[in-house]
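Note: the block below is entry-v1.txt and it holds compact mmCIF, C-alpha atoms.
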# COMPACT_ATOMS: atom_id res chain seq x y z
CA MET C 1 -18.10 -45.86 7.96
CA GLY C 2 -15.20 -43.72 9.13
CA ALA C 3 -12.72 -46.43 8.19
CA ALA C 4 -14.39 -46.80 4.80
CA ARG C 5 -14.10 -43.04 4.17
CA ARG C 6 -10.45 -43.03 5.13
CA TRP C 7 -9.78 -46.02 2.92
CA GLY C 8 -11.69 -44.45 0.04
CA SER C 9 -9.87 -41.15 0.33
CA ARG C 10 -6.58 -42.94 -0.26
CA LEU C 11 -7.70 -44.24 -3.65
CA PRO C 12 -6.79 -42.11 -6.68
CA PRO C 13 -9.67 -40.44 -8.59
CA ALA C 14 -9.07 -42.67 -11.64
CA VAL C 15 -10.09 -45.72 -9.59
CA TRP C 16 -13.42 -44.14 -8.67
CA ASP C 17 -13.97 -43.04 -12.27
CA SER C 18 -13.38 -46.61 -13.45
CA LEU C 19 -15.74 -48.13 -10.91
CA LEU C 20 -19.05 -47.06 -12.54
CA PRO C 21 -18.11 -48.23 -16.09
CA ALA C 22 -17.03 -51.58 -14.64
CA LEU C 23 -20.30 -52.00 -12.75
CA LEU C 24 -22.38 -51.08 -15.81
CA LEU C 25 -20.48 -53.57 -17.97
CA VAL C 26 -20.86 -56.34 -15.40
CA ASN C 27 -24.56 -55.55 -15.11
CA ILE C 28 -25.20 -55.66 -18.87
CA VAL C 29 -23.23 -58.88 -19.28
CA THR C 30 -25.13 -60.67 -16.52
CA THR C 31 -28.64 -59.41 -17.36
CA SER C 32 -28.84 -59.19 -21.16
CA ALA C 33 -30.21 -61.93 -23.41
CA PRO C 34 -27.57 -63.82 -25.37
CA GLN C 35 -28.89 -62.74 -28.77
CA GLY C 36 -28.59 -59.02 -28.02
CA LEU C 37 -25.50 -59.21 -25.80
CA PRO C 38 -22.87 -58.00 -28.34
CA VAL C 39 -24.83 -54.86 -29.23
CA ALA C 40 -25.68 -54.13 -25.59
CA VAL C 41 -22.07 -54.57 -24.47
CA ALA C 42 -20.77 -52.37 -27.33
CA LEU C 43 -23.25 -49.58 -26.58
CA THR C 44 -22.65 -49.81 -22.84
CA ALA C 45 -18.89 -49.59 -23.39
CA ALA C 46 -19.37 -46.56 -25.66
CA LEU C 47 -21.50 -44.86 -22.99
CA ALA C 48 -19.56 -45.81 -19.86
CA LEU C 49 -15.88 -46.17 -20.72
CA PRO C 50 -15.35 -42.46 -21.63
CA LEU C 51 -16.25 -41.61 -18.01
CA VAL C 52 -12.79 -42.82 -17.00
CA TRP C 53 -11.36 -39.62 -18.54
CA ARG C 54 -14.20 -37.27 -17.52
CA ARG C 55 -12.04 -35.22 -15.11
CA ARG C 56 -9.36 -34.60 -17.72
CA ALA C 57 -11.63 -33.54 -20.60
CA PRO C 58 -15.20 -33.06 -19.35
CA LEU C 59 -16.61 -31.45 -22.51
CA THR C 60 -15.01 -34.01 -24.84
CA VAL C 61 -16.23 -36.93 -22.74
CA PHE C 62 -19.72 -35.40 -22.62
CA ALA C 63 -19.80 -35.11 -26.42
CA ILE C 64 -18.72 -38.77 -26.82
CA VAL C 65 -21.37 -39.98 -24.38
CA VAL C 66 -24.08 -37.91 -26.10
CA ALA C 67 -23.06 -39.36 -29.49
CA ALA C 68 -23.18 -42.90 -28.10
CA ALA C 69 -26.61 -42.21 -26.56
CA PHE C 70 -27.89 -40.88 -29.88
CA VAL C 71 -26.70 -44.04 -31.66
CA GLN C 72 -28.43 -46.07 -28.96
CA TRP C 73 -31.65 -44.12 -29.58
CA LEU C 74 -31.40 -44.68 -33.31
CA MET C 75 -30.95 -48.43 -32.73
CA ASP C 76 -33.91 -48.43 -30.33
CA VAL C 77 -32.01 -50.12 -27.49
CA GLN C 78 -32.75 -49.27 -23.86
CA LEU C 79 -29.77 -49.58 -21.49
CA PRO C 80 -29.07 -48.80 -17.80
CA ALA C 81 -25.85 -47.16 -19.00
CA ASP C 82 -27.88 -44.05 -19.87
CA ILE C 83 -26.98 -42.91 -16.37
CA ALA C 84 -23.62 -42.01 -17.91
CA LEU C 85 -25.33 -38.94 -19.41
CA LEU C 86 -26.13 -37.65 -15.90
CA VAL C 87 -22.58 -38.32 -14.71
CA ALA C 88 -21.15 -36.51 -17.74
CA LEU C 89 -23.54 -33.57 -17.18
CA TYR C 90 -22.49 -33.37 -13.52
CA THR C 91 -18.82 -33.35 -14.53
CA VAL C 92 -19.36 -30.56 -17.06
CA ALA C 93 -21.23 -28.47 -14.47
CA ALA C 94 -18.51 -29.05 -11.89
CA ASN C 95 -15.58 -28.17 -14.15
CA SER C 96 -16.86 -25.83 -16.88
CA GLY C 97 -18.35 -22.38 -16.96
CA ARG C 98 -21.94 -21.22 -17.07
CA ARG C 99 -22.27 -21.47 -20.85
CA GLY C 100 -20.89 -25.00 -21.02
CA THR C 101 -23.19 -26.14 -18.22
CA LEU C 102 -26.24 -24.58 -19.87
CA ALA C 103 -25.43 -26.15 -23.25
CA ALA C 104 -24.90 -29.58 -21.68
CA ALA C 105 -28.16 -29.33 -19.71
CA VAL C 106 -30.14 -28.37 -22.81
CA THR C 107 -28.58 -31.29 -24.70
CA VAL C 108 -29.48 -33.79 -21.96
CA GLU C 109 -33.01 -32.36 -21.76
CA ALA C 110 -33.44 -32.80 -25.52
CA GLY C 111 -32.22 -36.38 -25.19
CA ALA C 112 -34.68 -37.00 -22.37
CA LEU C 113 -37.50 -35.70 -24.55
CA LEU C 114 -36.52 -38.00 -27.43
CA ALA C 115 -36.20 -40.97 -25.09
CA CYS C 116 -39.62 -40.34 -23.54
CA LEU C 117 -41.24 -39.94 -26.94
CA ARG C 118 -39.91 -43.33 -28.06
CA TRP C 119 -39.93 -45.48 -24.94
CA ALA C 120 -42.58 -44.03 -22.61
CA ALA C 121 -45.60 -46.27 -22.06
CA GLU C 122 -49.01 -45.05 -23.06
CA GLY C 123 -50.21 -42.39 -20.60
CA ALA C 124 -46.86 -42.24 -18.77
CA PHE C 125 -45.07 -39.73 -20.97
CA LEU C 126 -45.46 -36.77 -18.66
CA THR C 127 -44.42 -38.69 -15.55
CA LEU C 128 -41.35 -40.13 -17.24
CA PHE C 129 -40.35 -36.78 -18.75
CA VAL C 130 -40.69 -34.97 -15.41
CA ALA C 131 -38.59 -37.65 -13.68
CA ALA C 132 -35.89 -37.45 -16.36
CA THR C 133 -35.90 -33.65 -16.19
CA ALA C 134 -35.62 -33.72 -12.40
CA MET C 135 -32.60 -36.03 -12.56
CA ALA C 136 -30.90 -33.80 -15.14
CA VAL C 137 -31.54 -30.67 -13.07
CA ALA C 138 -30.25 -32.41 -9.94
CA ALA C 139 -27.05 -33.49 -11.70
CA ALA C 140 -26.47 -29.96 -13.04
CA VAL C 141 -27.21 -28.31 -9.69
CA LEU C 142 -24.89 -30.68 -7.84
CA GLY C 143 -22.12 -29.94 -10.31
CA VAL C 144 -22.60 -26.18 -10.01
CA ASN C 145 -22.54 -26.43 -6.21
CA VAL C 146 -19.30 -28.39 -6.34
CA ARG C 147 -17.75 -25.81 -8.68
CA THR C 148 -18.91 -22.93 -6.46
CA THR C 149 -17.62 -24.60 -3.31
CA ARG C 150 -14.31 -25.35 -4.98
CA ALA C 151 -13.94 -21.73 -6.13
CA TYR C 152 -14.85 -20.47 -2.66
CA LEU C 153 -12.28 -22.72 -0.99
CA ALA C 154 -9.65 -21.63 -3.52
CA ALA C 155 -10.47 -17.99 -2.77
CA VAL C 156 -10.25 -18.64 0.97
CA GLU C 157 -6.90 -20.39 0.58
CA GLU C 158 -5.59 -17.56 -1.61
CA ARG C 159 -6.77 -15.00 0.93
CA ALA C 160 -5.17 -16.96 3.77
CA ALA C 161 -1.92 -17.18 1.83
CA ARG C 162 -2.07 -13.46 1.08
CA LEU C 163 -2.75 -12.64 4.73
CA GLU C 164 0.12 -14.87 5.79
CA GLN C 165 2.39 -13.12 3.32
CA GLN C 166 1.25 -9.73 4.61
CA GLN C 167 1.84 -10.82 8.19
CA GLU C 168 5.33 -12.03 7.31
CA GLN C 169 6.01 -8.74 5.54
CA GLN C 170 4.71 -6.75 8.52
CA ALA C 171 6.85 -8.86 10.83
CA ARG C 172 9.93 -8.17 8.68
CA LEU C 173 9.10 -4.46 8.65
CA ALA C 174 8.64 -4.49 12.41
CA VAL C 175 12.00 -6.22 12.86
CA ALA C 176 13.69 -3.73 10.52
CA GLU C 177 12.06 -0.82 12.34
CA GLU C 178 13.12 -2.19 15.71
CA ARG C 179 16.67 -2.70 14.46
CA ALA C 180 16.72 0.88 13.18
CA ARG C 181 15.42 2.12 16.54
CA ILE C 182 18.06 0.19 18.46
CA THR C 183 20.72 1.45 16.04
CA ARG C 184 19.68 5.04 16.63
CA GLU C 185 19.58 4.56 20.39
CA MET C 186 22.95 2.83 20.50
CA HIS C 187 24.51 5.47 18.27
CA ASP C 188 23.21 8.33 20.39
CA ILE C 189 24.13 6.69 23.70
CA VAL C 190 27.56 5.39 22.73
CA THR C 191 28.65 8.39 20.65
CA HIS C 192 27.57 10.94 23.21
CA ASN C 193 28.96 9.23 26.27
CA LEU C 194 32.23 8.22 24.63
CA SER C 195 32.72 11.76 23.34
CA VAL C 196 32.14 13.15 26.83
CA MET C 197 34.44 10.54 28.39
CA VAL C 198 37.20 11.31 25.87
CA ALA C 199 36.91 15.04 26.54
CA LEU C 200 36.93 14.50 30.30
CA THR C 201 39.91 12.14 30.04
CA ASP C 202 41.89 14.74 28.08
CA ALA C 203 40.98 17.33 30.70
CA ALA C 204 42.01 15.01 33.55
CA VAL C 205 45.38 14.25 31.93
CA TYR C 206 45.98 17.96 31.35
CA ALA C 207 45.07 18.90 34.95
CA GLN C 208 46.77 15.92 36.61
CA GLN C 209 49.98 17.79 37.48
CA ARG C 210 48.67 21.35 37.94
CA SER C 211 45.31 20.70 39.63
CA PRO C 212 44.90 17.20 41.07
CA ASP C 213 41.47 18.12 42.47
CA ARG C 214 40.15 18.99 39.05
CA ALA C 215 41.64 15.81 37.63
CA THR C 216 39.93 13.76 40.33
CA ALA C 217 36.60 15.48 39.64
CA ALA C 218 36.99 14.75 35.93
CA MET C 219 37.72 11.09 36.63
CA LEU C 220 34.64 10.85 38.84
CA GLN C 221 32.61 12.44 36.08
CA ILE C 222 34.00 9.86 33.64
CA SER C 223 32.92 7.05 35.96
CA GLU C 224 29.42 8.51 36.31
CA THR C 225 29.14 8.96 32.57
CA GLY C 226 30.13 5.34 31.98
CA ARG C 227 27.53 4.08 34.46
CA GLN C 228 24.88 6.24 32.84
CA ALA C 229 25.83 4.86 29.43
CA LEU C 230 25.46 1.29 30.66
CA THR C 231 22.06 2.07 32.18
CA ASP C 232 20.83 3.70 28.97
CA MET C 233 22.06 0.78 26.90
CA ARG C 234 20.30 -1.78 29.09
CA ARG C 235 17.10 0.24 28.97
CA SER C 236 17.21 0.64 25.19
CA LEU C 237 17.76 -3.06 24.68
CA GLY C 238 14.81 -3.85 26.89
CA VAL C 239 16.75 -5.88 29.45
CA LEU C 240 16.55 -3.47 32.38
CA ARG C 241 14.57 -5.36 35.02
CA THR C 242 11.90 -3.59 37.05
CA ASP C 243 13.41 -4.80 40.33
CA GLU C 244 16.83 -3.31 39.50
CA PRO C 245 17.69 -0.30 41.71
CA ASP C 246 18.71 1.81 38.70
CA ALA C 247 15.15 1.52 37.30
CA GLU C 248 13.89 4.15 39.75
CA ARG C 249 17.04 6.26 40.02
CA HIS C 250 17.34 6.65 36.22
CA PRO C 251 13.94 7.29 34.62
CA LEU C 252 13.50 7.55 30.88
CA PRO C 253 15.44 10.71 29.90
CA GLY C 254 13.29 13.64 28.88
CA ILE C 255 13.09 17.41 28.96
CA ALA C 256 13.62 17.47 32.74
CA GLN C 257 17.02 15.82 32.26
CA LEU C 258 18.25 18.40 29.74
CA GLN C 259 19.79 20.52 32.50
CA ALA C 260 21.87 17.55 33.66
CA LEU C 261 22.90 17.01 30.03
CA ALA C 262 23.91 20.66 29.73
CA ASP C 263 25.96 20.41 32.93
CA GLN C 264 27.64 17.30 31.59
CA MET C 265 28.58 19.09 28.39
CA CYS C 266 29.93 22.02 30.38
CA ALA C 267 32.13 19.62 32.36
CA ALA C 268 33.34 18.10 29.08
CA GLY C 269 34.46 21.50 27.76
CA LEU C 270 31.41 22.78 25.87
CA PRO C 271 29.71 25.59 27.84
CA THR C 272 25.99 25.04 27.28
CA ARG C 273 23.03 27.22 28.22
CA LEU C 274 19.51 25.81 28.42
CA ASP C 275 16.31 27.76 27.84
CA VAL C 276 13.05 25.79 28.26
CA GLN C 277 9.83 27.68 27.64
CA GLY C 278 6.40 26.30 28.42
CA GLY C 279 5.42 23.40 30.62
CA HIS C 280 6.47 19.93 29.59
CA ASP C 281 4.48 17.92 32.12
CA ARG C 282 1.84 16.96 29.55
CA ILE C 283 4.32 16.09 26.80
CA PRO C 284 4.32 12.29 26.19
CA ALA C 285 7.34 10.42 27.50
CA THR C 286 8.28 9.17 24.03
CA ALA C 287 8.22 12.72 22.65
CA GLN C 288 10.36 13.92 25.55
CA LEU C 289 12.82 11.12 24.83
CA THR C 290 12.95 12.27 21.20
CA VAL C 291 13.68 15.85 22.32
CA TYR C 292 16.39 14.62 24.67
CA ARG C 293 18.08 12.50 21.97
CA LEU C 294 17.95 15.34 19.45
CA VAL C 295 19.60 17.75 21.87
CA GLN C 296 22.08 15.11 22.96
CA GLU C 297 23.16 14.34 19.39
CA ALA C 298 23.41 18.01 18.44
CA LEU C 299 25.57 18.81 21.48
CA THR C 300 27.72 15.73 20.89
CA ASN C 301 28.39 16.86 17.33
CA ALA C 302 29.28 20.33 18.62
CA LEU C 303 31.67 18.82 21.17
CA LYS C 304 33.35 16.63 18.54
CA HIS C 305 33.60 19.04 15.61
CA THR C 306 34.21 22.49 17.11
CA PRO C 307 37.42 23.99 18.53
CA PRO C 308 37.90 24.87 22.21
CA GLY C 309 36.12 28.02 23.33
CA THR C 310 32.90 27.17 21.53
CA ASP C 311 29.67 27.58 23.48
CA ALA C 312 26.19 26.20 22.78
CA LEU C 313 22.62 27.32 23.37
CA VAL C 314 19.63 24.97 23.64
CA ARG C 315 16.11 26.38 23.28
CA VAL C 316 13.06 24.18 23.80
CA GLU C 317 9.56 25.62 23.38
CA CYS C 318 6.67 23.46 24.60
CA SER C 319 3.02 24.04 23.73
CA ALA C 320 -0.14 21.94 23.77
CA GLY C 321 0.48 20.27 20.40
CA THR C 322 4.06 21.07 19.38
CA VAL C 323 7.60 21.06 20.70
CA THR C 324 10.26 23.20 19.02
CA VAL C 325 13.92 22.30 19.50
CA ASP C 326 16.68 24.74 18.52
CA VAL C 327 20.36 23.95 19.24
CA THR C 328 23.06 26.40 18.10
CA ASP C 329 26.77 26.71 18.71
CA SER C 330 29.31 29.41 17.95
CA GLY C 331 32.12 27.29 16.60
CA PRO C 332 33.11 26.96 12.94
CA ARG C 333 33.14 23.51 11.39
CA PRO C 334 35.66 23.32 8.56
CA PRO C 335 35.63 20.05 6.63
CA LEU C 336 38.17 17.60 7.98
CA PRO C 337 40.62 15.91 5.54
CA GLY C 338 39.35 12.47 4.64
CA ALA C 339 36.05 12.98 6.47
CA THR C 340 33.08 11.05 5.20
CA GLN C 341 29.34 11.52 5.46
CA SER C 342 28.57 7.93 6.37
CA GLY C 343 27.69 8.61 10.01
CA HIS C 344 24.32 7.92 11.56
CA GLY C 345 23.99 11.16 13.54
CA ILE C 346 22.10 13.50 11.21
CA PRO C 347 20.09 10.71 9.49
CA GLY C 348 19.10 9.36 12.90
CA MET C 349 17.99 12.83 13.99
CA ARG C 350 15.93 13.20 10.83
CA GLU C 351 14.24 9.84 11.47
CA ARG C 352 13.40 10.81 15.03
CA ALA C 353 11.91 14.12 13.92
CA ALA C 354 9.97 12.48 11.06
CA ALA C 355 8.30 10.12 13.56
CA TYR C 356 6.53 13.21 14.94
CA GLY C 357 5.81 14.87 11.61
CA GLY C 358 8.82 17.18 11.85
CA ARG C 359 11.57 18.14 9.43
CA LEU C 360 15.08 18.61 10.71
CA HIS C 361 17.11 21.57 9.50
CA ALA C 362 20.85 21.34 10.20
CA GLY C 363 23.52 23.56 8.75
CA PRO C 364 25.77 26.62 9.19
CA LEU C 365 24.24 29.84 10.51
CA PRO C 366 24.49 33.14 8.60
CA GLY C 367 26.45 34.82 11.39
CA GLY C 368 28.74 31.86 12.00
CA GLY C 369 28.36 28.69 13.95
CA TRP C 370 26.03 25.75 13.43
CA GLY C 371 22.34 25.23 14.09
CA VAL C 372 19.93 22.33 14.38
CA ARG C 373 16.22 23.09 14.41
CA THR C 374 13.06 21.01 14.26
CA ARG C 375 9.43 21.17 15.30
CA LEU C 376 7.61 18.07 16.54
CA ASP C 377 3.89 17.80 15.87
CA LEU C 378 2.39 15.79 18.75
CA ASP C 379 -1.13 15.86 17.32
CA SER C 380 -0.08 14.01 14.17
CA VAL C 381 1.13 11.04 16.21
CA ALA C 382 -2.07 11.00 18.26
CA GLU C 383 -4.18 10.97 15.07
CA ALA C 384 -2.06 8.18 13.54
CA SER C 385 -2.39 6.01 16.65
CA ALA C 386 -6.15 6.61 16.73
Could you write out this file's structure as structure tokens?
Amino acid sequence: MGAARRWGSRLPPAVWDSLLPALLLVNIVTTSAPQGLPVAVALTAALALPLVWRRRAPLTVFAIVVAAAFVQWLMDVQLPADIALLVALYTVAANSGRRGTLAAAVTVEAGALLACLRWAAEGAFLTLFVAATAMAVAAAVLGVNVRTTRAYLAAVEERAARLEQQQEQQARLAVAEERARITREMHDIVTHNLSVMVALTDAAVYAQQRSPDRATAAMLQISETGRQALTDMRRSLGVLRTDEPDAERHPLPGIAQLQALADQMCAAGLPTRLDVQGGHDRIPATAQLTVYRLVQEALTNALKHTPPGTDALVRVECSAGTVTVDVTDSGPRPPLPGATQSGHGIPGMRERAAAYGGRLHAGPLPGGGWGVRTRLDLDSVAEASA
């Protein structure tokens, strides 16, 4: 049986549609009397042959079969090919709407009534009419079930395709978001550490002849800054192994590491004071990393764009649901010739602040200098994740 099903599934639908008309024609040719054979063959062909095209034009084929059956009734000829009416009704129910199915069923029922009135034996009218009605209802119900199942499967396939498209879109968004995150991290790490290393190198070159000890200290600071940059880059790229010694010596930077950052900026030539208010022990690690990167980028910009003698002040206020970051410096920032606004610093800071429901304000201060201020809402992230 399994082999027969597989073999049958390989045949095109037109072959199956041609099989019933062929069987009906063979049956009428082999069973009819010679004197009535031409009429029987002609009527059988008119009833059965249109079924070959029933899938292409179900309503048209149904109308042709009904017309042939009516001619058969007028000529008072009984034929086994009347089963073509049930096949045509099934096809209409399987491929047309509710109105078409109802109209076809009523037509077949009327034909069954006429056939029973003419050909039913005495006393067998009711039995024959009930049997014909049952076959018509069964054909219509089977067709409706096929149409419903087909529509359900089409809806399921459409839903699956839509879900797959949504998953692909979410995957692309996740990749884009991860690329943006890595870009921000790499920008903050590379820009900050290179700026510090350049400032320390200039200081070491300047102090090389006059104060070799200070030059040596600056070179050591450059080496430490480079190692820290490599560690941060490996961590941000997700390739820092848990068994690596640096994994414990260099935790994820946060508010506790701001003092070391301030000392590093002081060594690079930007005197920086740090004022942290409130406890930060309960601040999530990701929020502390955001605070650290915001301060780091703001101080890096101050180091790059302000003249010597500029100092900076970092204020961080921690509460149960918010963290306020305020970084100011005293140096003027005149526009540089040929400078462009295509950097990633300020946009990256705005993206980091927006992730915690904050808005970044960066610009010149009324009394001179430059300020960067934002307020992170920790509760908004907790509600979004919930």
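When only C-alpha atoms are used to compute distances to Leu89 in chain C, the closest of the residues C:Ala63, C:Ala204, C:Val156, C:Ala267 turns out to be C:Ala63.
Interatomic distance, CA of Gln78 in chain C against CA of Ala134 in chain C: 19.5 Å.
With distances taken over all atoms listed in the file, C:Leu365 is the one residue among C:Ala354, C:Thr60, C:Leu365, C:Pro307 lying closest to Val327 in chain C.
Across the structure, CA of Val196 in chain C and CA of Met265 in chain C are spaced 7.1 Å apart.
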At a cut-off of 8 Å, using only C-alpha atoms, what residues contact range 83-88 of chain C? Leave out same-chain residues fewer than 4 positions from it and give the result as a PyMOL selection string. chain C and resi 47-48+51+54+58+61-62+65-66+69+92+108+135-136+139
Need to verify the contact set: Glu351 in chain C, 9 Å, all atoms listed in the file, exclusion of same-chain residues closer than 4 positions in sequence. Can you return it as a list of chain:residue names? C:Arg184, C:Ile346, C:Pro347, C:Ala355, C:Arg359, C:Leu360
Do you know which residues are at most 8 Å from Met197 in chain C counting only C-alpha atoms, after dropping those on the same chain fewer than 2 positions away, and could you put them as a PyMOL selection string? chain C and resi 193-195+199-201+222+225-226+268
Between CA of Gly371 in chain C and CA of Thr286 in chain C, what is the spacing in Å? 23.5 Å
